[in-house]
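First up is the structure itself, then whatever we jot down about it.
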Amino acid sequence: PASFELSQNYPNPFNPTTKIKFSIPNSDIVSLKVYDRLGKEVSDLAGGFRNAGTYEINFDASHLSSGIYFYKLESDNSTVVKKMMLLK
């Protein structure tokens with residue numbers, strides 16, 4: 001991949017599972033977490049060292065209530081946040 005990128009989840013809105021895709025151009029330590037509207041972490045989807053490439057993570061939100069959630073991809077040099085909606 002040419003750039004650090006976090007794609008919009010699909011499908012969105014979702015119930016209860018969705019896919020989150022991200023790309024990193026260089027091998028790095030990354031973190032992908034989901035937060036509720038108040039900023040409380042509700043899920044840690046990916047963390048640790050990843051080789052350069054494109055990844056797809058399945059997120060199962062069956063334990064969460066309907067609402068808006070934010071997912072954040074972080075590395076040493078970049079941070080990207082996107083919004084998603086869970087409808088039950």
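Identifiers in the structure tokens: chain A, B, ... in order shown; residue index from 1 per chain; ligand index from 1 in order shown.
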Self-check item: Per-residue DSSP, chain A, filtered to strand (DSSP E), as JSON, numbers by chain
Solution: {"A": [5, 6, 17, 18, 19, 20, 21, 22, 23, 24, 28, 29, 30, 31, 32, 33, 34, 35, 41, 42, 43, 44, 45, 46, 47, 48, 49, 50, 53, 54, 55, 56, 57, 58, 59, 60, 67, 68, 69, 70, 71, 72, 73, 74, 79, 80, 81, 82, 83, 84, 85, 86]}
Within 12 Å of Asn9 of chain A using only C-alpha atoms, minus same-chain residues under 3 positions, as a PDB file with N, CA, C and O atoms, in the first residue's frame:
```pdb
ATOM      1  N   LEU A   6      -7.473   3.965   6.607  1.00  0.00           N
ATOM      2  CA  LEU A   6      -8.536   3.264   7.314  1.00  0.00           C
ATOM      3  C   LEU A   6      -9.807   3.446   6.504  1.00  0.00           C
ATOM      4  O   LEU A   6     -10.257   4.569   6.285  1.00  0.00           O
ATOM      5  N   ASN A  12     -22.488  -0.462   6.725  1.00  0.00           N
ATOM      6  CA  ASN A  12     -22.696   0.598   7.712  1.00  0.00           C
ATOM      7  C   ASN A  12     -23.972   1.331   7.353  1.00  0.00           C
ATOM      8  O   ASN A  12     -24.038   1.905   6.284  1.00  0.00           O
ATOM      9  N   PRO A  13     -24.999   1.300   8.196  1.00  0.00           N
ATOM     10  CA  PRO A  13     -25.117   0.667   9.513  1.00  0.00           C
ATOM     11  C   PRO A  13     -25.037  -0.858   9.426  1.00  0.00           C
ATOM     12  O   PRO A  13     -25.235  -1.435   8.372  1.00  0.00           O
ATOM     13  N   PHE A  14     -24.771  -1.473  10.581  1.00  0.00           N
ATOM     14  CA  PHE A  14     -24.602  -2.925  10.622  1.00  0.00           C
ATOM     15  C   PHE A  14     -25.341  -3.528  11.811  1.00  0.00           C
ATOM     16  O   PHE A  14     -25.718  -2.835  12.740  1.00  0.00           O
ATOM     17  N   THR A  17     -22.545  -7.670  12.864  1.00  0.00           N
ATOM     18  CA  THR A  17     -21.133  -7.748  12.470  1.00  0.00           C
ATOM     19  C   THR A  17     -20.836  -6.821  11.297  1.00  0.00           C
ATOM     20  O   THR A  17     -21.715  -6.533  10.473  1.00  0.00           O
ATOM     21  N   THR A  18     -19.594  -6.391  11.228  1.00  0.00           N
ATOM     22  CA  THR A  18     -19.139  -5.538  10.137  1.00  0.00           C
ATOM     23  C   THR A  18     -17.664  -5.822   9.884  1.00  0.00           C
ATOM     24  O   THR A  18     -17.003  -6.446  10.714  1.00  0.00           O
ATOM     25  N   LYS A  19     -17.172  -5.374   8.754  1.00  0.00           N
ATOM     26  CA  LYS A  19     -15.761  -5.551   8.404  1.00  0.00           C
ATOM     27  C   LYS A  19     -15.069  -4.192   8.367  1.00  0.00           C
ATOM     28  O   LYS A  19     -15.623  -3.227   7.832  1.00  0.00           O
ATOM     29  N   ILE A  20     -13.870  -4.155   8.941  1.00  0.00           N
ATOM     30  CA  ILE A  20     -13.064  -2.942   8.943  1.00  0.00           C
ATOM     31  C   ILE A  20     -11.755  -3.262   8.234  1.00  0.00           C
ATOM     32  O   ILE A  20     -11.060  -4.211   8.604  1.00  0.00           O
ATOM     33  N   LYS A  21     -11.445  -2.469   7.221  1.00  0.00           N
ATOM     34  CA  LYS A  21     -10.256  -2.705   6.403  1.00  0.00           C
ATOM     35  C   LYS A  21      -9.269  -1.550   6.618  1.00  0.00           C
ATOM     36  O   LYS A  21      -9.676  -0.395   6.677  1.00  0.00           O
ATOM     37  N   PHE A  22      -7.982  -1.897   6.745  1.00  0.00           N
ATOM     38  CA  PHE A  22      -6.969  -0.861   6.863  1.00  0.00           C
ATOM     39  C   PHE A  22      -5.697  -1.275   6.144  1.00  0.00           C
ATOM     40  O   PHE A  22      -5.447  -2.461   5.928  1.00  0.00           O
ATOM     41  N   VAL A  34     -12.191   0.200  19.193  1.00  0.00           N
ATOM     42  CA  VAL A  34     -13.533   0.741  19.028  1.00  0.00           C
ATOM     43  C   VAL A  34     -13.924   1.438  20.327  1.00  0.00           C
ATOM     44  O   VAL A  34     -13.688   0.916  21.417  1.00  0.00           O
ATOM     45  N   GLU A  56      -8.056  -6.944   6.933  1.00  0.00           N
ATOM     46  CA  GLU A  56      -9.504  -6.827   7.126  1.00  0.00           C
ATOM     47  C   GLU A  56      -9.855  -7.536   8.428  1.00  0.00           C
ATOM     48  O   GLU A  56      -9.507  -8.701   8.626  1.00  0.00           O
ATOM     49  N   ILE A  57     -10.530  -6.821   9.305  1.00  0.00           N
ATOM     50  CA  ILE A  57     -10.895  -7.328  10.622  1.00  0.00           C
ATOM     51  C   ILE A  57     -12.413  -7.428  10.706  1.00  0.00           C
ATOM     52  O   ILE A  57     -13.118  -6.491  10.325  1.00  0.00           O
ATOM     53  N   ASN A  58     -12.918  -8.539  11.208  1.00  0.00           N
ATOM     54  CA  ASN A  58     -14.353  -8.685  11.464  1.00  0.00           C
ATOM     55  C   ASN A  58     -14.649  -8.213  12.881  1.00  0.00           C
ATOM     56  O   ASN A  58     -13.983  -8.638  13.824  1.00  0.00           O
ATOM     57  N   PHE A  59     -15.632  -7.341  13.018  1.00  0.00           N
ATOM     58  CA  PHE A  59     -16.022  -6.816  14.315  1.00  0.00           C
ATOM     59  C   PHE A  59     -17.421  -7.322  14.645  1.00  0.00           C
ATOM     60  O   PHE A  59     -18.367  -7.071  13.920  1.00  0.00           O
ATOM     61  N   TYR A  69     -20.619   4.407  17.142  1.00  0.00           N
ATOM     62  CA  TYR A  69     -19.321   4.022  17.686  1.00  0.00           C
ATOM     63  C   TYR A  69     -18.223   4.583  16.787  1.00  0.00           C
ATOM     64  O   TYR A  69     -18.464   4.878  15.612  1.00  0.00           O
ATOM     65  N   PHE A  70     -17.053   4.730  17.347  1.00  0.00           N
ATOM     66  CA  PHE A  70     -15.903   5.238  16.613  1.00  0.00           C
ATOM     67  C   PHE A  70     -14.807   4.179  16.634  1.00  0.00           C
ATOM     68  O   PHE A  70     -14.618   3.514  17.644  1.00  0.00           O
ATOM     69  N   TYR A  71     -14.125   4.031  15.520  1.00  0.00           N
ATOM     70  CA  TYR A  71     -12.996   3.109  15.486  1.00  0.00           C
ATOM     71  C   TYR A  71     -11.755   3.887  15.074  1.00  0.00           C
ATOM     72  O   TYR A  71     -11.797   4.756  14.210  1.00  0.00           O
ATOM     73  N   LYS A  72     -10.652   3.587  15.763  1.00  0.00           N
ATOM     74  CA  LYS A  72      -9.420   4.374  15.604  1.00  0.00           C
ATOM     75  C   LYS A  72      -8.246   3.459  15.294  1.00  0.00           C
ATOM     76  O   LYS A  72      -8.001   2.496  16.011  1.00  0.00           O
ATOM     77  N   VAL A  81      -9.542   8.196  12.564  1.00  0.00           N
ATOM     78  CA  VAL A  81     -10.767   7.811  13.273  1.00  0.00           C
ATOM     79  C   VAL A  81     -11.927   7.850  12.290  1.00  0.00           C
ATOM     80  O   VAL A  81     -12.047   8.785  11.485  1.00  0.00           O
ATOM     81  N   LYS A  82     -12.798   6.850  12.364  1.00  0.00           N
ATOM     82  CA  LYS A  82     -14.022   6.805  11.547  1.00  0.00           C
ATOM     83  C   LYS A  82     -15.201   6.470  12.450  1.00  0.00           C
ATOM     84  O   LYS A  82     -15.046   5.926  13.533  1.00  0.00           O
ATOM     85  N   LYS A  83     -16.384   6.777  11.947  1.00  0.00           N
ATOM     86  CA  LYS A  83     -17.625   6.571  12.693  1.00  0.00           C
ATOM     87  C   LYS A  83     -18.427   5.446  12.039  1.00  0.00           C
ATOM     88  O   LYS A  83     -18.453   5.314  10.819  1.00  0.00           O
ATOM     89  N   MET A  84     -19.109   4.649  12.890  1.00  0.00           N
ATOM     90  CA  MET A  84     -19.987   3.597  12.380  1.00  0.00           C
ATOM     91  C   MET A  84     -21.239   3.524  13.239  1.00  0.00           C
ATOM     92  O   MET A  84     -21.247   3.996  14.380  1.00  0.00           O
ATOM     93  N   MET A  85     -22.303   2.938  12.684  1.00  0.00           N
ATOM     94  CA  MET A  85     -23.571   2.874  13.399  1.00  0.00           C
ATOM     95  C   MET A  85     -24.060   1.439  13.523  1.00  0.00           C
ATOM     96  O   MET A  85     -24.152   0.719  12.523  1.00  0.00           O
ATOM     97  N   LEU A  86     -24.363   1.050  14.751  1.00  0.00           N
ATOM     98  CA  LEU A  86     -24.909  -0.270  15.046  1.00  0.00           C
ATOM     99  C   LEU A  86     -26.419  -0.119  15.232  1.00  0.00           C
ATOM    100  O   LEU A  86     -26.864   0.662  16.077  1.00  0.00           O
TER     101      LEU A  86
END
```
Quiz item: Within 7 Å of Ser31 of chain A, counting only C-alpha atoms, which residues qualify if same-chain residues fewer than 3 places away don't, as a PyMOL selection string?
Solution: chain A and resi 46-48+73-75
So that I have them on file, write out the residues from the current selection with N, CA, C and O atoms, as a PDB file, in the first residue's frame.
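Resulting contents of part_27.pdb:
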```pdb
ATOM      1  N   ALA A  46      -7.223  -5.046  17.079  1.00  0.00           N
ATOM      2  CA  ALA A  46      -5.907  -5.433  16.577  1.00  0.00           C
ATOM      3  C   ALA A  46      -4.857  -4.601  17.282  1.00  0.00           C
ATOM      4  O   ALA A  46      -5.018  -3.402  17.442  1.00  0.00           O
ATOM      5  N   GLY A  47      -3.802  -5.264  17.670  1.00  0.00           N
ATOM      6  CA  GLY A  47      -2.709  -4.547  18.302  1.00  0.00           C
ATOM      7  C   GLY A  47      -1.428  -5.317  18.119  1.00  0.00           C
ATOM      8  O   GLY A  47      -1.435  -6.539  18.029  1.00  0.00           O
ATOM      9  N   GLY A  48      -0.341  -4.581  18.019  1.00  0.00           N
ATOM     10  CA  GLY A  48       0.948  -5.223  17.887  1.00  0.00           C
ATOM     11  C   GLY A  48       1.590  -4.959  16.545  1.00  0.00           C
ATOM     12  O   GLY A  48       1.128  -4.142  15.755  1.00  0.00           O
ATOM     13  N   LEU A  73      -7.550   3.793  14.224  1.00  0.00           N
ATOM     14  CA  LEU A  73      -6.331   3.102  13.837  1.00  0.00           C
ATOM     15  C   LEU A  73      -5.162   4.019  14.172  1.00  0.00           C
ATOM     16  O   LEU A  73      -5.134   5.172  13.746  1.00  0.00           O
ATOM     17  N   GLU A  74      -4.205   3.499  14.949  1.00  0.00           N
ATOM     18  CA  GLU A  74      -3.058   4.290  15.375  1.00  0.00           C
ATOM     19  C   GLU A  74      -1.752   3.561  15.091  1.00  0.00           C
ATOM     20  O   GLU A  74      -1.680   2.341  15.215  1.00  0.00           O
ATOM     21  N   SER A  75      -0.740   4.345  14.726  1.00  0.00           N
ATOM     22  CA  SER A  75       0.635   3.856  14.662  1.00  0.00           C
ATOM     23  C   SER A  75       1.504   4.952  15.261  1.00  0.00           C
ATOM     24  O   SER A  75       0.992   5.958  15.739  1.00  0.00           O
TER      25      SER A  75
END
```
Quiz item: In Å, with one decimal, what is the gap from atom CA of Asp36 of chain A to atom CA of Ser3 of chain A?
Solution: 27.0 Å
Self-check item: Minimum-distance residue to Arg50 of chain A, chosen among A:Asn26, A:Lys88, A:Pro16, A:Ala2 (using only C-alpha atoms)
Solution: A:Asn26
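Take the candidates A:Leu32, A:Asp76, A:Asn15, A:Arg37 and check each one against Asp60 of chain A using only C-alpha atoms; the shortest distance goes to A:Asn15.
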Exercise. To one decimal in Å, tell me the separation between atom CA of Phe4 of chain A and atom CA of Leu64 of chain A.
Key: 28.4 Å
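Going from atom CA of Lys40 of chain A over to atom CA of Val80 of chain A, you cover 16.9 Å.
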